[in-house]
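Undergrad: If it helps, the file is called structure30.cif and holds mmCIF, C-alpha atoms and all ligand atoms:
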data_input
#
loop_
_atom_site.label_atom_id
_atom_site.label_comp_id
_atom_site.auth_asym_id
_atom_site.auth_seq_id
_atom_site.Cartn_x
_atom_site.Cartn_y
_atom_site.Cartn_z
CA MET A 1 63.56 23.28 -65.34
CA THR A 2 67.08 22.04 -64.71
CA TRP A 3 69.41 19.07 -64.99
CA SER A 4 68.00 17.57 -61.80
CA ASP A 5 64.42 17.66 -63.13
CA TRP A 6 63.51 14.31 -64.73
CA LYS A 7 61.03 15.95 -67.10
CA TRP A 8 63.83 18.20 -68.36
CA GLN A 9 65.96 15.11 -68.90
CA LEU A 10 63.18 13.42 -70.88
CA GLN A 11 62.39 16.51 -72.94
CA ASN A 12 66.06 17.06 -73.73
CA ARG A 13 66.83 13.52 -74.77
CA ILE A 14 69.15 13.26 -77.74
CA THR A 15 67.38 11.33 -80.50
CA GLN A 16 69.00 12.48 -83.74
CA LEU A 17 72.41 11.81 -85.24
CA ALA A 18 73.19 15.50 -85.84
CA ASP A 19 72.56 16.34 -82.16
CA LEU A 20 74.53 13.35 -80.97
CA GLU A 21 77.53 14.43 -83.05
CA THR A 22 77.63 17.76 -81.26
CA LYS A 23 78.10 15.87 -77.96
CA ILE A 24 80.39 12.93 -78.70
CA THR A 25 82.78 11.88 -81.44
CA LEU A 26 81.44 8.95 -83.42
CA THR A 27 83.45 6.35 -85.27
CA THR A 28 82.75 5.84 -88.97
CA GLU A 29 81.03 2.52 -88.19
CA GLU A 30 78.81 4.14 -85.57
CA ARG A 31 77.83 6.94 -87.95
CA ASP A 32 77.12 4.53 -90.82
CA SER A 33 75.07 2.18 -88.62
CA PHE A 34 73.00 4.88 -87.00
CA ALA A 35 70.40 5.52 -89.73
CA LYS A 36 69.99 1.87 -90.69
CA ALA A 37 69.61 0.64 -87.13
CA TYR A 38 67.36 3.57 -86.20
CA ASP A 39 64.80 2.29 -88.73
CA GLN A 40 64.58 -0.95 -86.74
CA PHE A 41 64.72 0.51 -83.25
CA GLN A 42 64.78 4.17 -82.25
CA PHE A 43 67.67 5.92 -80.57
CA ALA A 44 67.30 8.03 -77.45
CA VAL A 45 69.56 8.95 -74.55
CA THR A 46 69.15 11.36 -71.65
CA PRO A 47 71.76 14.11 -71.17
CA TYR A 48 72.53 12.45 -67.80
CA TYR A 49 73.31 8.99 -69.23
CA LEU A 50 75.18 10.45 -72.22
CA GLY A 51 77.32 12.33 -69.72
CA ARG A 52 78.45 9.00 -68.23
CA ILE A 53 80.19 8.09 -71.53
CA ASP A 54 83.97 8.29 -71.63
CA ASN A 55 84.43 10.02 -74.98
CA LYS A 56 88.08 9.02 -75.17
CA ASP A 57 87.28 5.31 -74.94
CA PRO A 58 85.73 3.71 -78.06
CA HIS A 59 85.00 0.62 -75.91
CA CYS A 60 83.22 2.58 -73.19
CA PRO A 61 80.63 0.18 -71.70
CA ILE A 62 77.92 2.84 -71.61
CA ARG A 63 78.52 3.90 -75.20
CA LYS A 64 78.26 0.28 -76.33
CA GLN A 65 74.85 -0.15 -74.71
CA ILE A 66 73.24 2.77 -76.49
CA LEU A 67 74.90 3.43 -79.85
CA PRO A 68 73.33 1.60 -82.80
CA ARG A 69 75.68 -0.83 -84.50
CA ALA A 70 75.74 -2.82 -87.74
CA GLY A 71 75.27 -6.15 -85.93
CA GLU A 72 71.72 -5.13 -85.03
CA LEU A 73 70.72 -5.65 -88.65
CA VAL A 74 71.93 -9.25 -88.68
CA ARG A 75 69.19 -11.77 -87.93
CA LYS A 76 70.51 -15.13 -86.78
CA GLN A 77 68.38 -18.27 -87.16
CA ASN A 78 67.81 -18.64 -83.44
CA GLU A 79 66.69 -15.01 -83.00
CA THR A 80 63.08 -13.88 -82.97
CA ASP A 81 61.12 -10.65 -82.47
CA ASP A 82 59.48 -11.97 -79.31
CA PRO A 83 61.93 -14.45 -77.74
CA LEU A 84 59.97 -14.84 -74.51
CA ALA A 85 56.66 -15.41 -76.33
CA GLU A 86 55.07 -12.57 -74.40
CA GLU A 87 52.54 -11.71 -77.10
CA ILE A 88 50.91 -15.15 -77.29
CA HIS A 89 50.07 -15.23 -73.58
CA MET A 90 48.22 -11.89 -73.63
CA PRO A 91 44.64 -12.20 -72.34
CA VAL A 92 44.08 -8.41 -72.45
CA LYS A 93 46.10 -5.71 -74.16
CA GLY A 94 49.33 -4.98 -72.32
CA VAL A 95 49.23 -7.99 -69.96
CA THR A 96 51.29 -11.17 -70.27
CA HIS A 97 49.95 -13.94 -68.04
CA ARG A 98 52.03 -17.04 -68.55
CA TYR A 99 52.70 -18.36 -65.06
CA PRO A 100 49.67 -19.10 -62.87
CA ASP A 101 50.65 -16.79 -60.01
CA ARG A 102 52.09 -13.70 -61.70
CA ALA A 103 51.44 -11.37 -64.62
CA ILE A 104 53.47 -8.64 -66.33
CA TRP A 105 51.68 -5.40 -67.16
CA TYR A 106 53.33 -3.17 -69.77
CA ILE A 107 52.06 0.24 -68.73
CA SER A 108 54.42 2.34 -70.86
CA HIS A 109 56.40 1.67 -74.00
CA VAL A 110 58.62 4.68 -73.59
CA CYS A 111 62.07 4.57 -71.95
CA ALA A 112 64.53 7.30 -71.06
CA VAL A 113 67.22 5.47 -73.03
CA TYR A 114 66.86 2.75 -75.66
CA CYS A 115 69.23 -0.13 -74.99
CA ARG A 116 70.36 -1.79 -78.19
CA PHE A 117 69.95 -5.31 -76.78
CA CYS A 118 66.36 -4.73 -75.57
CA THR A 119 64.23 -7.89 -75.53
CA ARG A 120 61.11 -5.87 -76.31
CA LYS A 121 62.44 -3.76 -79.14
CA ARG A 122 59.51 -5.04 -81.23
CA LYS A 123 57.31 -2.55 -79.40
CA VAL A 124 59.40 -0.48 -76.99
CA SER A 125 59.88 3.08 -78.30
CA THR A 126 56.44 2.90 -79.95
CA PRO A 127 54.23 5.09 -77.73
CA GLU A 128 51.02 3.93 -79.48
CA GLU A 129 51.55 0.52 -77.87
CA THR A 130 51.15 2.07 -74.40
CA PRO A 131 47.73 1.13 -72.95
CA ASN A 132 45.24 3.98 -72.54
CA ARG A 133 42.95 4.57 -69.55
CA SER A 134 40.15 2.33 -70.76
CA GLU A 135 42.70 -0.42 -71.37
CA TRP A 136 44.00 0.09 -67.80
CA GLU A 137 40.49 -0.62 -66.55
CA LYS A 138 40.23 -3.80 -68.63
CA ALA A 139 43.56 -4.99 -67.24
CA LEU A 140 42.54 -4.16 -63.66
CA ASP A 141 39.28 -6.08 -64.15
CA TYR A 142 41.28 -9.02 -65.43
CA PHE A 143 43.53 -8.98 -62.33
CA ARG A 144 40.46 -8.73 -60.06
CA GLY A 145 38.95 -11.83 -61.68
CA GLU A 146 42.08 -13.98 -61.69
CA THR A 147 42.09 -15.15 -58.09
CA LYS A 148 45.18 -17.37 -58.51
CA LEU A 149 47.32 -14.31 -59.27
CA LYS A 150 49.66 -13.38 -56.44
CA GLU A 151 51.83 -10.78 -58.15
CA VAL A 152 51.57 -8.06 -60.79
CA ILE A 153 54.80 -6.73 -62.30
CA LEU A 154 54.59 -3.21 -63.69
CA SER A 155 56.91 -3.12 -66.66
CA GLY A 156 57.29 -1.64 -70.13
CA GLY A 157 59.18 0.19 -71.59
CA ASP A 158 59.61 2.01 -68.35
CA PRO A 159 56.64 2.35 -65.99
CA LEU A 160 58.26 5.33 -64.27
CA THR A 161 57.68 7.45 -67.40
CA LEU A 162 54.08 7.67 -66.11
CA SER A 163 53.20 10.60 -63.86
CA ASP A 164 53.19 10.21 -60.08
CA SER A 165 49.40 10.57 -60.05
CA SER A 166 48.93 7.77 -62.62
CA LEU A 167 51.26 5.50 -60.65
CA ASP A 168 49.41 6.41 -57.46
CA TYR A 169 46.10 5.42 -59.06
CA LEU A 170 47.38 2.12 -60.51
CA LEU A 171 49.18 1.08 -57.31
CA GLY A 172 46.12 2.00 -55.25
CA GLU A 173 43.83 -0.14 -57.44
CA LEU A 174 46.24 -3.07 -57.40
CA LYS A 175 46.68 -2.91 -53.63
CA LYS A 176 42.90 -3.16 -53.21
CA ILE A 177 42.86 -6.59 -54.91
CA PRO A 178 42.83 -9.02 -51.98
CA HIS A 179 44.46 -12.00 -53.67
CA LEU A 180 47.54 -10.02 -54.80
CA ASN A 181 50.41 -10.67 -52.42
CA GLN A 182 52.98 -8.29 -53.90
CA ILE A 183 53.54 -5.61 -56.51
CA ARG A 184 56.81 -5.29 -58.37
CA ILE A 185 58.05 -2.43 -60.57
CA HIS A 186 60.64 -3.01 -63.30
CA THR A 187 62.46 0.19 -64.23
CA ARG A 188 65.79 1.31 -65.66
CA HIS A 189 65.33 4.91 -64.58
CA PRO A 190 67.63 4.57 -61.53
CA VAL A 191 70.36 3.89 -64.14
CA THR A 192 69.47 6.19 -67.00
CA MET A 193 67.71 9.04 -65.18
CA PRO A 194 68.04 8.66 -61.39
CA MET A 195 66.48 12.10 -60.77
CA ARG A 196 63.15 10.39 -61.57
CA LEU A 197 63.28 9.08 -57.99
CA THR A 198 61.79 12.30 -56.63
CA GLU A 199 60.53 13.09 -53.15
CA SER A 200 56.99 13.15 -54.45
CA LEU A 201 57.39 9.69 -56.00
CA ASN A 202 58.78 8.51 -52.67
CA SER A 203 55.62 9.83 -50.98
CA VAL A 204 53.49 7.82 -53.40
CA PHE A 205 55.51 4.64 -52.94
CA SER A 206 55.60 4.93 -49.15
CA LYS A 207 51.77 4.62 -49.14
CA TYR A 208 51.99 1.15 -50.65
CA PHE A 209 54.65 -0.54 -48.52
CA PRO A 210 55.91 -3.17 -49.18
CA LEU A 211 56.83 -2.43 -52.81
CA TYR A 212 59.55 -4.23 -54.75
CA MET A 213 61.56 -2.59 -57.50
CA VAL A 214 63.85 -4.36 -59.96
CA THR A 215 66.30 -2.17 -61.82
CA HIS A 216 68.94 -2.89 -64.45
CA PHE A 217 72.57 -1.85 -63.91
CA ASN A 218 75.07 -3.62 -66.15
CA HIS A 219 78.37 -1.92 -65.33
CA PRO A 220 79.93 -0.16 -62.32
CA ASN A 221 80.44 3.01 -64.41
CA GLU A 222 76.65 3.41 -64.32
CA ILE A 223 76.74 4.16 -60.60
CA SER A 224 77.33 7.87 -60.00
CA ASP A 225 77.07 10.13 -56.96
CA GLU A 226 73.60 11.04 -58.24
CA THR A 227 72.62 7.36 -58.40
CA LYS A 228 73.73 6.92 -54.84
CA PHE A 229 71.84 9.98 -53.61
CA TYR A 230 68.52 9.24 -55.32
CA VAL A 231 68.54 5.47 -54.78
CA MET A 232 69.39 5.67 -51.09
CA ARG A 233 66.79 8.38 -50.55
CA MET A 234 64.13 6.25 -52.24
CA ILE A 235 64.98 3.23 -50.09
CA LYS A 236 64.79 5.33 -46.91
CA GLU A 237 61.82 7.58 -47.74
CA GLY A 238 59.85 5.47 -50.23
CA HIS A 239 60.42 2.29 -48.23
CA VAL A 240 61.08 0.38 -51.44
CA SER A 241 63.17 -2.81 -51.63
CA ILE A 242 65.38 -2.58 -54.72
CA PHE A 243 66.92 -5.50 -56.64
CA ASN A 244 69.08 -5.51 -59.74
CA GLN A 245 69.11 -7.63 -62.86
CA SER A 246 72.09 -7.37 -65.20
CA VAL A 247 72.44 -8.79 -68.68
CA LEU A 248 75.75 -10.47 -69.47
CA LEU A 249 76.95 -8.48 -72.48
CA SER A 250 79.95 -9.16 -74.68
CA GLY A 251 82.63 -6.47 -74.43
CA ILE A 252 80.65 -4.65 -71.74
CA ASN A 253 80.60 -6.72 -68.56
CA ASP A 254 81.77 -10.22 -69.53
CA ASP A 255 84.47 -10.19 -66.89
CA ALA A 256 84.29 -11.47 -63.30
CA ASN A 257 86.14 -8.43 -61.92
CA ILE A 258 83.73 -6.00 -63.56
CA LEU A 259 80.70 -7.91 -62.32
CA SER A 260 82.10 -8.24 -58.83
CA ASP A 261 82.85 -4.50 -58.72
CA LEU A 262 79.31 -3.78 -59.93
CA ASN A 263 77.69 -6.09 -57.38
CA TYR A 264 79.67 -4.71 -54.42
CA LYS A 265 78.82 -1.16 -55.48
CA LEU A 266 75.14 -2.07 -55.73
CA ILE A 267 75.13 -3.62 -52.27
CA SER A 268 76.85 -0.49 -50.89
CA ILE A 269 73.92 1.68 -52.03
CA GLY A 270 71.24 -0.75 -50.84
CA ILE A 271 70.48 -2.68 -54.05
CA LYS A 272 70.53 -6.49 -53.95
CA PRO A 273 71.93 -8.24 -57.07
CA TYR A 274 69.13 -10.57 -58.18
CA TYR A 275 69.68 -11.97 -61.68
CA LEU A 276 72.54 -12.12 -64.15
CA HIS A 277 70.79 -12.88 -67.44
CA GLN A 278 72.17 -14.66 -70.43
CA CYS A 279 71.26 -12.22 -73.25
CA ASP A 280 67.89 -13.05 -74.83
CA GLU A 281 67.81 -14.28 -78.41
CA VAL A 282 66.09 -11.20 -79.76
CA PHE A 283 66.76 -10.21 -83.37
CA GLY A 284 70.04 -8.36 -83.87
CA SER A 285 71.47 -9.33 -80.48
CA SER A 286 74.24 -11.71 -81.55
CA ASP A 287 77.02 -9.13 -81.05
CA PHE A 288 76.03 -8.90 -77.39
CA VAL A 289 75.75 -12.62 -76.61
CA VAL A 290 78.43 -14.21 -74.43
CA PRO A 291 78.85 -17.97 -75.13
CA LEU A 292 77.37 -20.14 -72.39
CA GLU A 293 80.72 -21.77 -71.53
CA LYS A 294 82.29 -18.36 -71.00
CA GLY A 295 79.32 -17.14 -68.95
CA ILE A 296 79.55 -20.16 -66.67
CA GLU A 297 83.30 -19.67 -66.26
CA ILE A 298 82.73 -16.04 -65.27
CA TYR A 299 80.04 -17.05 -62.82
CA ARG A 300 82.31 -19.70 -61.30
CA LYS A 301 84.73 -16.88 -60.45
CA LEU A 302 82.03 -15.00 -58.56
CA ARG A 303 80.48 -17.72 -56.41
CA GLY A 304 82.40 -18.51 -53.25
CA PHE A 305 85.06 -15.87 -53.93
CA HIS A 306 82.76 -13.02 -52.99
CA SER A 307 80.18 -12.30 -50.33
CA GLY A 308 77.00 -14.28 -50.93
CA ILE A 309 74.81 -11.20 -50.76
CA THR A 310 76.63 -9.78 -53.80
CA ILE A 311 75.90 -12.84 -55.95
CA PRO A 312 72.94 -12.83 -58.37
CA SER A 313 71.50 -16.02 -59.89
CA TYR A 314 72.83 -16.65 -63.41
CA VAL A 315 69.82 -17.51 -65.59
CA LYS A 316 68.65 -18.00 -69.13
CA ASP A 317 65.11 -17.06 -70.07
CA LEU A 318 64.28 -19.84 -72.52
CA THR A 319 63.46 -18.74 -76.03
CA GLY A 320 59.88 -19.73 -76.76
CA GLY A 321 58.53 -18.81 -73.33
CA GLY A 322 59.66 -21.80 -71.27
CA GLY A 323 60.65 -19.60 -68.33
CA LYS A 324 64.00 -19.18 -66.60
CA VAL A 325 66.53 -21.92 -65.96
CA LEU A 326 69.49 -21.60 -63.63
CA LEU A 327 72.76 -21.86 -65.52
CA SER A 328 75.22 -24.18 -63.88
CA PRO A 329 78.22 -26.24 -65.06
CA ASP A 330 75.93 -29.34 -65.14
CA TYR A 331 74.37 -28.08 -68.35
CA LEU A 332 77.68 -28.24 -70.14
CA GLN A 333 77.36 -32.05 -69.93
CA LYS A 334 74.19 -31.91 -72.00
CA LYS A 335 75.72 -30.78 -75.24
CA THR A 336 73.95 -31.49 -78.54
CA ASP A 337 74.92 -30.74 -82.15
CA LYS A 338 73.31 -27.32 -81.98
CA GLY A 339 73.69 -26.29 -78.35
CA TYR A 340 72.67 -27.51 -74.89
CA LEU A 341 69.56 -29.15 -73.53
CA PHE A 342 67.73 -27.46 -70.66
CA GLN A 343 64.72 -28.58 -68.66
CA ASN A 344 62.35 -25.88 -67.47
CA TYR A 345 60.25 -25.81 -64.29
CA LEU A 346 57.60 -27.99 -65.96
CA GLY A 347 60.17 -30.60 -67.04
CA ASP A 348 59.92 -29.62 -70.74
CA GLU A 349 63.19 -29.75 -72.70
CA TYR A 350 64.54 -26.78 -74.65
CA GLU A 351 67.64 -26.58 -76.79
CA VAL A 352 69.72 -23.43 -76.46
CA GLY A 353 72.38 -22.53 -79.04
CA HIS A 354 76.09 -22.34 -78.24
S1 LIG B 1 65.19 0.36 -70.44
FE1 LIG B 1 64.55 -1.80 -70.54
S2 LIG B 1 62.69 -1.78 -71.81
FE2 LIG B 1 63.75 0.18 -72.13
S3 LIG B 1 65.06 -0.13 -73.93
FE3 LIG B 1 66.31 -0.58 -72.12
S4 LIG B 1 66.10 -2.79 -71.82
FE4 LIG B 1 64.42 -2.16 -73.19
#
Here is the file; what I need is its structure written in the form of C-alpha cells.

TA:
Amino acid sequence: MTWSDWKWQLQNRITQLADLETKITLTTEERDSFAKAYDQFQFAVTPYYLGRIDNKDPHCPIRKQILPRAGELVRKQNETDDPLAEEIHMPVKGVTHRYPDRAIWYISHVCAVYCRFCTRKRKVSTPEETPNRSEWEKALDYFRGETKLKEVILSGGDPLTLSDSSLDYLLGELKKIPHLNQIRIHTRHPVTMPMRLTESLNSVFSKYFPLYMVTHFNHPNEISDETKFYVMRMIKEGHVSIFNQSVLLSGINDDANILSDLNYKLISIGIKPYYLHQCDEVFGSSDFVVPLEKGIEIYRKLRGFHSGITIPSYVKDLTGGGGKVLLSPDYLQKKTDKGYLFQNYLGDEYEVGH
C-alpha cells in the first residue's frame, strides 16, 4: 500500500497529539486545546491533507479547519447540538425526511478528516451511529414506499468511506426505485483524500449515470495537482456532475479575493460552485462565524465582478430546521434587537443572530 492508496491514507490517519507533534509544530494554545476539544469531537487527518498545511504559517487556512481550538468548548445561547433539526425528522434510523421530495441518508459516520466546524459533530466520528445492513434494508423499504420522494442524498460522515461494492449495491437499489428522479452524493473526500476517486469507483458510478456529487472545498490551497487529476478523471470516466459547497469561515475564507480564486480554480477542474453557506449555529462554532453584514459585503464583491458560472448562492440554513434562505442585502433591512428576520420557503419567520 502506498500514498496513492486511499485505504493507506485512512489507516495512516493521524489521530493522536503525540503523532501530530512529530509532523507539525503546534502553538501552546493548540496543544492545550487538543485534549479538551478531543473529548467533545475527535481529531483525525489524513497524511495527504496534513501535507497541505503550511507549517510556517500559524494562520494557514487548512490548519485552522482541522486543529482543535479553545473556542470549540464555548457554547453560545444560539448554538445547539443539532442546528438543522435533523434528528426530529427521522422516520427510520439514518434517514432525515423533512422536505416532501427529498431525503438525506447518513450511510457512514466516519470521515477522512474531522472539520472543527462540522454541523453533525454530535454523531460524526462515532462509527456505532453508522447504519448496519439490516438498517439499510429498512431505509430502502422506506424510500420504496414514499412515492413523493424524488431524490435521495447519500451523506454522513462521508459516504465514500464505504467500499465500492457497498456503494454499488446501494446505488443499484436506489436506481431501481421508479419514483426517484436523482441520486446525490455528499462527500469531502475529493478535498481530504482525493485518491478515493479510484478507477474502480469510476466504473461503479458510470453504471448509474446521471449521478450528482456535492463536495466541500473552502479554500484554494485545498486544490492540488492530485485533486485536479482525480477529480477530472472521475468527471470523464465516472460521468459524475460535481458541485461544491463552501462554508464561509472567519479567518479562513472570509475574503472576496480568496473566494473568487477558489471558485475560478474549481471551475477550471470541472466543479461548479453551488452554495456558500453561512456557518451553522452548531455548538462551539462561534469562532468560525462571519457576521451576516460582512458575509453580504463579501458576496456583493463576487456577484457581477466575476463570471456567473463561478458564483455560488449565498445561503443560511435556518437553525431549527426551517430550510435554506438566500442571503441578500434586503435582509439587512429587517433588523431586530437580537438579529435579522428571515422568511423560509413556507413563509414562516425565523430570527437569526447578528
Ligand atoms: S467531512 Fe463533512 S461530515 Fe465530515 S467532519 Fe467534515 S464537515 Fe463534518

Undergrad: If we count only C-alpha atoms and set the cut-off at 6 Å, which residues sit around Tyr340 in chain A, ignoring sequence neighbours fewer than 6 positions away in its own chain? Please answer as a ChimeraX atom specification.

TA: /A:334,351-352

Undergrad: Might you pull out every residue within 12 Å of Ser313 in chain A, with all atoms listed in the file counted and same-chain residues fewer than 2 positions away left off, and present them as an MDAnalysis selection string?

TA: chainID A and resid 243:248 263 272:278 296 299:300 302:303 308:311 315:316 324:328

Undergrad: Skip Glu72 in chain A itself and residues of its chain fewer than 3 positions away, then list as an MDAnalysis selection string all residues within 12 Å of it, counting all atoms listed in the file.

TA: chainID A and resid 30 33:42 65:69 75:76 79 115:118 121 281:289

Undergrad: How many Å separate CA of Asp317 in chain A from CA of Tyr350 in chain A?

TA: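 A separation of 10.8 Å between them.
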
Undergrad: Using only C-alpha atoms and all ligand atoms, which residue out of A:Val191, A:Cys60, A:Ala103, A:Leu162 lies closest to ligand LIG 1 (chain B)?

TA: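 Using only C-alpha atoms and all ligand atoms, ligand LIG 1 (chain B) sits closest to A:Val191.
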
Undergrad: Taking all atoms listed in the file into account, which residues have an atom no farther than 6 Å from ligand LIG 1 (chain B)? I'd like them as a list of chain:residue names.

TA: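 If we count all atoms listed in the file, the neighbours of ligand LIG 1 (chain B) turn out to be A:Cys111, A:Tyr114, A:Cys115, A:Cys118, A:Arg120, A:Gly156, A:Gly157, A:Asp158, A:Arg188.
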
Undergrad: Step by step: start from the point (56.1, 2.8, -47.5) in the file's coordinates, keep every protein, DNA or RNA residue that has an atom no farther than 12 Å from it, count only C-alpha atoms, and write the set as a list in words.

TA: Leu201, Asn202, Ser203, Val204, Phe205, Ser206, Lys207, Tyr208, Phe209, Pro210, Leu211, Tyr212, Met234, Ile235, Lys236, Glu237, Gly238, His239, Val240 and Ser241 of chain A

Undergrad: For the atom pair CA of Asn181 in chain A and CA of Gly145 in chain A, what is the interatomic distance in Å to one decimal place?

TA: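 Computing the Euclidean distance for CA of Asn181 in chain A and CA of Gly145 in chain A yields 14.8 Å.
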
Undergrad: Return as CSV the residues of range 185-269 of chain A lying at most 8 Å from range 2-23 of chain A, together with the closest atom-to-atom pair for each and the distance in Å to one decimal, counting only C-alpha atoms, with rows in chain order and ascending residue number.

TA:
residue,atom,partner,partner_atom,distance
A:Met193,CA,A:Trp6,CA,6.8
A:Pro194,CA,A:Trp6,CA,8.0
A:Met195,CA,A:Trp6,CA,5.4
A:Arg196,CA,A:Trp6,CA,5.0

Undergrad: Suppose you want the space between CA of Ile298 in chain A and CA of Ala256 in chain A; what is it in Å?

TA: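 Calculated distance between CA of Ile298 in chain A and CA of Ala256 in chain A is 5.2 Å.
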
Undergrad: Using only C-alpha atoms, which of A:Asp261, A:Asp225, A:Asp82, A:Glu135 sits nearest Ile107 in chain A?

TA: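 Of the candidates, the smallest distance to Ile107 in chain A is held by A:Glu135.
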
Undergrad: Considering all atoms listed in the file, can you say which of A:Thr147, A:Ser268, A:Gln77, A:Ser155 comes closest to Pro178 in chain A?

TA: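 Checking each of A:Thr147, A:Ser268, A:Gln77, A:Ser155 against Pro178 in chain A, counting all atoms listed in the file, the winner is A:Thr147.
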
Undergrad: Identify which of the residues A:Ile177, A:Ala44, A:Ile62, A:Leu84 lies closest to Pro220 in chain A, counting all atoms listed in the file when measuring atom-to-atom distances.

TA: A:Ile62

Undergrad: Given all atoms listed in the file as the basis, pick out the residue of A:Ala85, A:Ala70, A:Leu26, A:Leu180 nearest to Lys56 in chain A.

TA: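 Under the stated criterion, the closest residue is A:Leu26.
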